[in-house]
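final.cif (mmCIF, C-alpha atoms (C1' of nucleotides))
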data_start
#
loop_
_atom_site.label_atom_id
_atom_site.label_comp_id
_atom_site.auth_asym_id
_atom_site.auth_seq_id
_atom_site.Cartn_x
_atom_site.Cartn_y
_atom_site.Cartn_z
CA MET A 1 0.00 0.00 0.00
CA ASP A 2 2.66 2.48 0.92
CA HIS A 3 4.84 3.33 -2.00
CA PRO A 4 7.00 6.08 -0.60
CA ASP A 5 8.68 6.54 -3.97
CA GLN A 6 5.35 7.68 -5.39
CA THR A 7 3.65 9.91 -2.84
CA ASP A 8 6.42 12.19 -1.73
CA SER A 9 4.41 15.40 -1.57
CA PHE A 10 6.31 16.29 1.62
CA GLU A 11 3.07 17.63 3.08
CA GLU A 12 1.10 14.43 3.37
CA ALA A 13 3.87 11.91 3.06
CA ALA A 14 3.46 8.65 4.91
CA GLY A 15 5.76 8.73 7.92
CA GLU A 16 5.36 12.41 8.77
CA ARG A 17 4.47 13.26 12.32
CA PRO A 18 2.63 16.52 12.84
CA PHE A 19 4.95 19.47 13.12
CA LEU A 20 3.19 21.85 15.44
CA SER A 21 2.26 19.52 18.28
CA ASN A 22 5.86 18.35 18.45
CA TYR A 23 7.57 21.66 17.91
CA LEU A 24 9.48 22.52 21.04
CA LEU A 25 8.92 26.27 20.89
CA PHE A 26 5.20 25.70 20.48
CA LEU A 27 5.05 23.25 23.34
CA LEU A 28 6.96 25.62 25.58
CA ALA A 29 4.87 28.66 24.73
CA SER A 30 1.55 26.91 24.80
CA THR A 31 2.23 24.93 27.96
CA SER A 32 3.53 28.03 29.66
CA ALA A 33 0.45 29.97 28.64
CA SER A 34 -2.10 27.44 29.80
CA ALA A 35 -0.25 26.57 32.98
CA SER A 36 0.15 30.22 33.88
CA GLU A 37 -3.34 31.27 33.02
CA GLU A 38 -4.92 29.66 36.05
CA PHE A 39 -2.59 31.38 38.44
CA HIS A 40 -2.77 34.66 36.62
CA ALA A 41 -6.46 34.69 37.33
CA THR A 42 -5.57 34.57 41.02
CA VAL A 43 -3.04 37.32 40.49
CA ARG A 44 -5.62 39.60 38.91
CA ALA A 45 -8.13 38.70 41.57
CA HIS A 46 -5.69 40.23 44.03
CA GLY A 47 -5.56 43.48 42.10
CA LEU A 48 -2.20 42.82 40.47
CA ARG A 49 -1.29 42.69 36.86
CA VAL A 50 0.97 39.85 35.83
CA PRO A 51 4.18 41.87 35.53
CA GLU A 52 3.50 43.41 38.93
CA TRP A 53 3.27 39.98 40.47
CA ARG A 54 6.53 39.08 38.78
CA VAL A 55 8.21 42.13 40.21
CA LEU A 56 6.97 41.26 43.68
CA ALA A 57 8.31 37.74 43.28
CA CYS A 58 11.69 39.01 42.13
CA LEU A 59 11.97 41.45 44.99
CA HIS A 60 10.84 38.85 47.47
CA GLU A 61 13.77 36.82 46.29
CA GLU A 62 16.21 39.72 46.44
CA ASP A 63 15.16 43.14 47.57
CA GLY A 64 16.71 46.32 46.20
CA GLN A 65 17.41 45.19 42.67
CA MET A 66 17.98 47.68 39.90
CA VAL A 67 15.48 48.24 37.13
CA THR A 68 17.75 46.81 34.45
CA ARG A 69 18.26 43.62 36.37
CA LEU A 70 14.59 43.27 37.19
CA ALA A 71 13.44 43.66 33.61
CA PRO A 72 14.64 40.36 32.16
CA LEU A 73 13.67 38.51 35.33
CA ALA A 74 10.17 39.89 35.16
CA LEU A 75 10.07 39.17 31.43
CA ALA A 76 9.38 42.80 30.67
CA GLU A 77 11.15 45.30 28.51
CA GLN A 78 12.95 48.09 30.33
CA SER A 79 10.71 51.03 29.51
CA ARG A 80 7.69 48.96 30.34
CA LEU A 81 9.15 47.91 33.64
CA THR A 82 9.96 51.51 34.50
CA ARG A 83 6.29 52.38 34.16
CA ILE A 84 5.11 49.34 36.03
CA ILE A 85 7.43 50.19 38.89
CA MET A 86 6.17 53.76 38.89
CA GLN A 87 2.63 52.53 39.31
CA MET A 88 3.61 50.09 42.01
CA ASP A 89 5.40 52.94 43.72
CA ALA A 90 2.32 55.16 43.46
CA ARG A 91 0.30 52.34 44.94
CA GLY A 92 2.70 51.93 47.81
CA LEU A 93 3.93 48.43 46.99
CA VAL A 94 7.52 49.37 46.26
CA GLU A 95 9.87 52.24 46.85
CA ARG A 96 12.47 53.60 44.45
CA ARG A 97 15.79 54.73 45.82
CA SER A 98 18.67 56.08 43.87
CA ASP A 99 21.82 54.03 44.47
CA PRO A 100 24.45 56.16 46.24
CA GLU A 101 27.22 54.04 44.68
CA ASP A 102 26.08 54.90 41.17
CA ARG A 103 23.47 57.57 40.88
CA ARG A 104 22.28 56.37 37.47
CA ARG A 105 20.89 53.31 39.12
CA VAL A 106 17.46 53.14 40.70
CA ARG A 107 17.04 50.37 43.20
CA ILE A 108 13.62 49.01 43.99
CA TYR A 109 12.61 47.99 47.49
CA LEU A 110 9.46 46.38 48.78
CA THR A 111 7.44 48.42 51.23
CA ALA A 112 5.89 46.69 54.22
CA GLU A 113 2.65 46.42 52.30
CA GLY A 114 4.45 45.16 49.23
CA ARG A 115 6.26 42.54 51.23
CA ALA A 116 3.09 41.34 52.87
CA LEU A 117 1.41 40.99 49.50
CA ALA A 118 4.48 39.29 48.04
CA ASP A 119 4.57 36.78 50.89
CA ASP A 120 0.91 36.04 50.44
CA MET A 121 1.16 35.61 46.70
CA ILE A 122 4.26 33.45 46.91
CA ALA A 123 2.42 31.13 49.25
CA ARG A 124 -0.43 30.94 46.79
CA ALA A 125 2.00 30.31 43.96
CA ARG A 126 3.51 27.40 45.85
CA ASP A 127 0.07 25.96 46.45
CA HIS A 128 -0.93 26.36 42.86
CA GLU A 129 2.29 24.72 41.69
CA ALA A 130 1.70 21.76 43.96
CA GLU A 131 -1.81 21.42 42.62
CA LEU A 132 -0.55 21.71 39.07
CA LEU A 133 2.05 18.99 39.62
CA SER A 134 -0.52 16.74 41.21
CA VAL A 135 -2.14 16.09 37.85
CA LEU A 136 1.08 14.47 36.69
CA PRO A 137 2.34 11.00 37.48
CA ALA A 138 4.61 11.21 40.52
CA GLY A 139 8.15 12.28 39.69
CA LYS A 140 7.33 13.64 36.25
CA GLY A 141 7.01 17.13 37.64
CA GLU A 142 10.44 17.16 39.21
CA GLU A 143 11.86 15.64 36.07
CA LEU A 144 10.36 18.47 34.06
CA ARG A 145 11.60 21.05 36.52
CA GLN A 146 15.14 19.75 36.29
CA LEU A 147 15.13 19.63 32.50
CA LEU A 148 13.79 23.14 32.28
CA LYS A 149 16.43 24.38 34.70
CA GLU A 150 19.10 22.85 32.51
CA VAL A 151 17.80 24.30 29.28
CA HIS A 152 17.13 27.62 30.90
CA ALA A 153 20.67 27.74 32.23
CA LYS A 154 22.16 26.88 28.84
CA LEU A 155 20.07 29.50 27.13
CA THR A 156 20.73 32.33 29.51
CA ALA A 157 24.41 31.48 29.76
CA ARG A 158 25.07 32.79 26.25
CA ASP A 159 23.93 36.41 26.78
CA MET B 1 26.41 29.35 64.18
CA ASP B 2 23.07 28.32 62.83
CA HIS B 3 20.43 28.21 65.50
CA PRO B 4 17.33 27.43 63.49
CA ASP B 5 15.19 27.82 66.56
CA GLN B 6 16.18 31.47 66.69
CA THR B 7 16.29 32.78 63.13
CA ASP B 8 13.13 31.45 61.62
CA SER B 9 12.29 34.53 59.58
CA PHE B 10 10.98 32.25 56.81
CA GLU B 11 12.75 34.54 54.36
CA GLU B 12 16.35 33.65 55.12
CA ALA B 13 15.86 30.40 56.91
CA ALA B 14 18.56 27.80 56.60
CA GLY B 15 17.36 25.05 54.29
CA GLU B 16 15.37 27.22 51.89
CA ARG B 17 16.05 26.82 48.21
CA PRO B 18 15.40 29.88 46.07
CA PHE B 19 11.80 30.13 44.99
CA LEU B 20 11.94 31.85 41.65
CA SER B 21 14.60 29.80 39.91
CA ASN B 22 12.74 26.64 40.81
CA TYR B 23 9.24 27.86 40.20
CA LEU B 24 7.77 25.89 37.36
CA LEU B 25 5.73 28.71 35.86
CA PHE B 26 8.78 30.94 35.86
CA LEU B 27 10.96 28.29 34.27
CA LEU B 28 8.37 27.65 31.59
CA ALA B 29 7.81 31.31 30.79
CA SER B 30 11.43 32.32 30.91
CA THR B 31 12.70 29.32 28.97
CA SER B 32 10.01 29.78 26.38
CA ALA B 33 10.85 33.44 26.03
CA SER B 34 14.57 33.00 25.59
CA ALA B 35 14.28 29.95 23.39
CA SER B 36 11.75 31.67 21.14
CA GLU B 37 13.53 34.96 20.94
CA GLU B 38 16.22 33.70 18.62
CA PHE B 39 13.77 32.33 16.15
CA HIS B 40 11.48 35.29 16.42
CA ALA B 41 14.32 37.41 15.14
CA THR B 42 14.32 35.24 12.03
CA VAL B 43 10.57 35.58 11.79
CA ARG B 44 10.77 39.36 11.85
CA ALA B 45 13.64 39.31 9.41
CA HIS B 46 11.24 37.69 6.97
CA GLY B 47 8.72 40.48 7.40
CA LEU B 48 6.38 38.57 9.68
CA ARG B 49 5.19 39.37 13.12
CA VAL B 50 5.20 36.52 15.58
CA PRO B 51 1.45 35.85 15.55
CA GLU B 52 1.51 35.87 11.76
CA TRP B 53 4.15 33.19 11.75
CA ARG B 54 2.04 31.19 14.18
CA VAL B 55 -0.97 31.45 11.91
CA LEU B 56 1.08 30.27 8.96
CA ALA B 57 2.32 27.31 10.96
CA CYS B 58 -1.21 26.39 12.04
CA LEU B 59 -2.55 26.58 8.51
CA HIS B 60 0.38 24.64 7.16
CA GLU B 61 -0.68 21.91 9.54
CA GLU B 62 -4.35 22.13 8.61
CA ASP B 63 -5.64 24.54 6.03
CA GLY B 64 -9.07 26.12 6.20
CA GLN B 65 -9.41 26.42 9.96
CA MET B 66 -11.88 28.80 11.50
CA VAL B 67 -10.85 31.91 13.36
CA THR B 68 -12.04 30.63 16.71
CA ARG B 69 -10.03 27.47 16.38
CA LEU B 70 -6.95 29.29 15.20
CA ALA B 71 -6.91 31.76 18.06
CA PRO B 72 -5.89 29.46 20.90
CA LEU B 73 -3.45 27.60 18.67
CA ALA B 74 -1.77 30.84 17.69
CA LEU B 75 -1.85 31.98 21.31
CA ALA B 76 -3.82 35.05 20.41
CA GLU B 77 -7.11 36.40 21.61
CA GLN B 78 -9.96 36.27 19.10
CA SER B 79 -10.33 39.95 18.26
CA ARG B 80 -6.60 40.23 17.88
CA LEU B 81 -6.48 37.26 15.59
CA THR B 82 -9.27 38.68 13.47
CA ARG B 83 -7.18 41.77 12.82
CA ILE B 84 -4.03 39.81 12.19
CA ILE B 85 -5.83 37.67 9.65
CA MET B 86 -7.22 40.76 7.98
CA GLN B 87 -3.71 42.09 7.54
CA MET B 88 -2.42 38.78 6.28
CA ASP B 89 -5.33 38.74 3.85
CA ALA B 90 -4.53 42.26 2.66
CA ARG B 91 -0.97 41.16 2.16
CA GLY B 92 -2.03 38.14 0.17
CA LEU B 93 -0.80 35.45 2.53
CA VAL B 94 -4.20 34.01 3.38
CA GLU B 95 -7.72 34.09 2.07
CA ARG B 96 -10.93 34.27 4.09
CA ARG B 97 -13.93 32.27 2.95
CA SER B 98 -17.26 32.07 4.64
CA ASP B 99 -18.18 28.49 5.46
CA PRO B 100 -21.27 27.42 3.48
CA GLU B 101 -22.19 24.92 6.20
CA ASP B 102 -22.45 27.66 8.80
CA ARG B 103 -22.28 31.15 7.51
CA ARG B 104 -21.15 32.62 10.81
CA ARG B 105 -17.85 30.86 10.36
CA VAL B 106 -14.94 32.30 8.48
CA ARG B 107 -12.43 29.76 7.30
CA ILE B 108 -8.87 30.76 6.58
CA TYR B 109 -6.89 29.31 3.70
CA LEU B 110 -3.28 29.79 2.69
CA THR B 111 -2.71 31.40 -0.68
CA ALA B 112 0.04 30.06 -2.90
CA GLU B 113 2.30 32.80 -1.62
CA GLY B 114 1.31 32.09 1.96
CA ARG B 115 1.98 28.41 1.53
CA ALA B 116 5.38 29.04 0.03
CA LEU B 117 6.31 31.30 2.92
CA ALA B 118 4.92 28.82 5.43
CA ASP B 119 6.94 25.98 3.92
CA ASP B 120 10.06 28.09 4.02
CA MET B 121 9.56 29.18 7.60
CA ILE B 122 8.70 25.71 8.81
CA ALA B 123 11.96 24.46 7.35
CA ARG B 124 13.80 27.20 9.17
CA ALA B 125 11.94 26.38 12.38
CA ARG B 126 13.03 22.76 12.10
CA ASP B 127 16.61 23.83 11.59
CA HIS B 128 16.49 26.21 14.49
CA GLU B 129 15.02 23.57 16.74
CA ALA B 130 17.73 21.12 15.82
CA GLU B 131 20.34 23.73 16.59
CA LEU B 132 18.64 24.55 19.86
CA LEU B 133 18.58 20.90 20.91
CA SER B 134 22.20 20.48 19.98
CA VAL B 135 23.29 22.47 23.02
CA LEU B 136 21.78 19.80 25.24
CA PRO B 137 23.24 16.43 26.11
CA ALA B 138 21.87 13.87 23.66
CA GLY B 139 18.44 12.58 24.55
CA LYS B 140 17.60 15.40 26.94
CA GLY B 141 15.81 17.25 24.21
CA GLU B 142 13.47 14.42 23.36
CA GLU B 143 12.91 13.82 27.03
CA LEU B 144 11.86 17.43 27.44
CA ARG B 145 9.66 17.27 24.38
CA GLN B 146 7.83 14.23 25.70
CA LEU B 147 7.30 15.69 29.13
CA LEU B 148 5.98 18.91 27.68
CA LYS B 149 3.61 17.00 25.43
CA GLU B 150 2.28 15.18 28.45
CA VAL B 151 1.78 18.27 30.56
CA HIS B 152 0.36 20.17 27.64
CA ALA B 153 -2.12 17.40 26.97
CA LYS B 154 -3.22 17.27 30.61
CA LEU B 155 -3.64 21.01 30.74
CA THR B 156 -5.60 21.42 27.55
CA ALA B 157 -7.74 18.37 28.25
CA ARG B 158 -9.68 20.18 30.98
CA ASP B 159 -11.15 22.99 28.87
"C1'" DA C 1 40.87 67.54 33.87
"C1'" DC C 2 38.80 66.79 29.10
"C1'" DT C 3 36.49 64.07 25.63
"C1'" DG C 4 34.05 60.27 23.72
"C1'" DG C 5 31.49 56.57 24.69
"C1'" DA C 6 28.58 53.63 27.28
"C1'" DA C 7 25.27 52.40 31.09
"C1'" DG C 8 20.95 53.27 33.42
"C1'" DC C 9 16.63 55.03 33.40
"C1'" DA C 10 12.66 58.04 31.65
"C1'" DT C 11 9.49 59.60 28.22
"C1'" DG C 12 6.65 60.97 23.93
"C1'" DA C 13 4.59 59.29 19.91
"C1'" DA C 14 3.13 55.49 17.40
"C1'" DA C 15 1.78 50.77 17.15
"C1'" DT C 16 -0.79 46.96 19.44
"C1'" DA C 17 -3.74 44.61 22.40
"C1'" DT C 18 -7.81 44.20 25.13
"C1'" DC C 19 -12.53 44.65 26.57
"C1'" DA C 20 -16.90 45.17 25.94
"C1'" DT C 21 -20.18 45.13 22.85
"C1'" DG C 22 -22.50 44.80 18.23
"C1'" DC C 23 -24.46 42.14 14.66
"C1'" DA C 24 -25.61 38.17 12.08
"C1'" DA C 25 -26.41 33.22 11.81
"C1'" DT C 26 -27.63 29.13 14.15
"C1'" DG C 27 -29.76 26.04 17.54
"C1'" DA C 28 -33.02 24.92 21.14
"C1'" DT C 29 -37.54 25.17 23.36
"C1'" DC C 30 -42.06 25.49 23.54
"C1'" DG D 1 -42.38 28.51 13.54
"C1'" DA D 2 -41.79 32.37 17.09
"C1'" DT D 3 -38.69 33.30 20.90
"C1'" DC D 4 -34.58 33.19 23.43
"C1'" DA D 5 -29.99 31.83 24.06
"C1'" DT D 6 -25.65 30.87 21.92
"C1'" DT D 7 -21.95 30.81 18.65
"C1'" DG D 8 -18.78 33.15 15.55
"C1'" DC D 9 -16.72 37.02 14.12
"C1'" DA D 10 -16.02 42.26 13.78
"C1'" DT D 11 -15.26 46.71 15.69
"C1'" DG D 12 -14.79 51.08 18.48
"C1'" DA D 13 -12.85 52.95 22.58
"C1'" DT D 14 -9.47 52.44 25.86
"C1'" DA D 15 -5.39 50.78 27.83
"C1'" DT D 16 -0.97 48.88 27.17
"C1'" DT D 17 3.51 48.19 24.75
"C1'" DT D 18 7.09 49.32 22.06
"C1'" DC D 19 10.61 52.10 19.70
"C1'" DA D 20 13.42 55.53 19.40
"C1'" DT D 21 15.47 58.88 21.69
"C1'" DG D 22 16.72 62.10 25.56
"C1'" DC D 23 19.04 63.03 29.76
"C1'" DT D 24 22.18 62.07 33.39
"C1'" DT D 25 25.94 59.80 35.48
"C1'" DC D 26 29.88 57.07 35.17
"C1'" DC D 27 34.16 55.25 32.97
"C1'" DA D 28 38.28 55.01 29.84
"C1'" DG D 29 41.80 56.94 27.42
"C1'" DT D 30 44.54 60.69 26.74
#
Represent the supplied structure as structure tokens.
Amino acid sequence: MDHPDQTDSFEEAAGERPFLSNYLLFLLASTSASASEEFHATVRAHGLRVPEWRVLACLHEEDGQMVTRLAPLALAEQSRLTRIIMQMDARGLVERRSDPEDRRRVRIYLTAEGRALADDMIARARDHEAELLSVLPAGKGEELRQLLKEVHAKLTARD
Amino acid sequence: MDHPDQTDSFEEAAGERPFLSNYLLFLLASTSASASEEFHATVRAHGLRVPEWRVLACLHEEDGQMVTRLAPLALAEQSRLTRIIMQMDARGLVERRSDPEDRRRVRIYLTAEGRALADDMIARARDHEAELLSVLPAGKGEELRQLLKEVHAKLTARD
DNA sequence: ACTGGAAGCATGAAATATCATGCAATGATC
DNA sequence: GATCATTGCATGATATTTCATGCTTCCAGT
């Protein structure tokens, strides 16, 4: 039945597996989007936009970071992050202080309110992650985490 | 030196591993972003915006899809996709035809030019993916792909 | 010290995205 | 087969994002 020498239209050839559903960049983007969406609903329910939550998480990890360092971590472009920080500042979640070592730099610090919110959201993020992983066969989640850490490291190594 | 019964500030406690760099949603989003960025440069170099490339890839896989089906696949919201399609139509990459079975539906078809571009870009995507995977120890890439397919399936199963 | 260049952040104008809603076609219920 | 709800797509108003560029501060070389 299969005469590969005849039907080589490339598109519908016999042994082809579908491209899209196996394409790594698609799987990454799509999985990231659907996995994140659930939690992002929680984020918005707490009056935060997604990049604001990311900033809180980054500062929770290390307070007083500069805008330029925060931007890639929060997956936001610099000018966008500047504005987000300004709004968070206006709202009293963070505080901007010029770095005395280098006055070009602006370092961002959590306020008490910001820290409280960050703590709360981080706890929720942990819970959500646990719940997310629970739909997978045991161990798979950690396996995925480790692989992603590896790839992520390789990719960000070559700046 | 370490008296865990004293310094339990939760934040800087002894055995804590960093949250962010182990947080699955962060790893997914950040890895996806940096992995995609390289290829997206290629996409733009060919005069396409990222969602346009995604539409081409989706149609290459299955021509004549409806807008509503295309939107989640191309990771774009419906009204956004409508406009993107309109531009691609204006540019001659796709064609919109009302579905005779259900005249609310608009089905999108690749034009000859669109198909040629899609074929070309898919080939480049394959190449880029191979190159991307080559920075990983052999096998790791496929392992990652399989895990992502699993998680992706689980996540999209519960609509 | 002086000059050129780069780093760090801010900002205006233009491009995009989103949200709610509109409209048309279909399906379901009685 | 009239009515009401729903699906599918389009669209206007608004909000967000981006791009280029400006301004300031620092650094390197001279």
Within 9 Å of chain A, which residues of chain D are there when counting only C-alpha atoms (C1' of nucleotides)? Please give them as a PyMOL selection string.
chain D and resi 17-18+24-26
Return as a PyMOL selection string the set of residues that the PyMOL selection byres ((chain B and resi 38-52) around 8) yields on the displayed structure.
chain B and resi 34-37+53-56+74-76+84-85+88+121+125+128
Which residues of chain C sit at most 10 Å from chain B, using all atoms listed in the file? Give each one's shortest atom pair and distance in Å (one decimal place), in chain and ascending residue order, as JSON lines.
{"residue": "C:DT16", "atom": "C1'", "partner": "B:Arg80", "partner_atom": "CA", "distance": 9.0}
{"residue": "C:DA17", "atom": "C1'", "partner": "B:Arg80", "partner_atom": "CA", "distance": 6.9}
{"residue": "C:DT18", "atom": "C1'", "partner": "B:Arg80", "partner_atom": "CA", "distance": 8.4}
{"residue": "C:DC19", "atom": "C1'", "partner": "B:Ser79", "partner_atom": "CA", "distance": 9.8}
{"residue": "C:DA24", "atom": "C1'", "partner": "B:Arg104", "partner_atom": "CA", "distance": 7.2}
{"residue": "C:DA25", "atom": "C1'", "partner": "B:Arg104", "partner_atom": "CA", "distance": 5.4}
{"residue": "C:DT26", "atom": "C1'", "partner": "B:Asp102", "partner_atom": "CA", "distance": 7.6}
Starting from the displayed file, determine the output of the PyMOL selection byres ((chain B) within 6 of (chain A)) and express the residue list as an MDAnalysis selection string.
chainID B and resid 28:29 31:32 152
Please expand the PyMOL selection byres ((chain C and resi 14) around 9) into the concrete residues it hits in this file, giving the result as a PDB file with C-alpha atoms (C1' of nucleotides), keeping the file's coordinate frame.
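In the end it all went to out31.pdb:
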ATOM      1  C1'  DA C  13       4.590  59.290  19.910  1.00  0.00           C
ATOM      2  C1'  DA C  15       1.780  50.770  17.150  1.00  0.00           C
TER       3       DA C  15
ATOM      4  C1'  DT D  18       7.090  49.320  22.060  1.00  0.00           C
ATOM      5  C1'  DC D  19      10.610  52.100  19.700  1.00  0.00           C
TER       6       DC D  19
END
With 7 Å as the threshold, what does the neighbourhood of (14.5, 58.9, 25.7) contain in terms of residues, counting all atoms listed in the file? Coordinates are those of the file; answer as a PyMOL selection string.
(chain C and resi 10-11) or (chain D and resi 21-22)
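Here atom CA of Gln65 of chain B is placed at a distance of 15.8 Å from atom CA of Arg83 of chain B.
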Just to confirm, what's the straight-line distance from atom CA of Arg97 of chain A to atom CA of Thr111 of chain A in Å (one decimal)?
11.8 Å
How many Å separate atom CA of Met66 of chain A from atom CA of Glu113 of chain A?
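These atoms are spaced 19.8 Å apart.
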Which polymer residues have any atom within 12 Å of an atom of Met86 of chain B, counting only C-alpha atoms (C1' of nucleotides), with same-chain residues fewer than 4 positions away left out, as a count of residues only?
19
List the neighbours of DC4 of chain D out to 12 Å using all atoms listed in the file; skip same-chain residues closer than 3 positions along the sequence, and give me the result as a PyMOL selection string.
chain C and resi 27-30
Do a neighbour search on DT3 of chain C at 12 Å with only C-alpha atoms (C1' of nucleotides), toss out local chain neighbours closer than 4 positions, and write the hits as a VMD selection string.
chain D and resid 27 to 30
Using only C-alpha atoms (C1' of nucleotides), collect all residues at a distance of at most 6 Å from (14.8, 48.3, 49.8) as written in the file, then present them as a count of residues only.
5
Among the residues B:Glu101, B:Asp127, B:Leu59, B:Gly139, the one that comes closest to Arg115 of chain B [using all atoms listed in the file]
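Ranking B:Glu101, B:Asp127, B:Leu59, B:Gly139 by distance to Arg115 of chain B, first place goes to B:Leu59.
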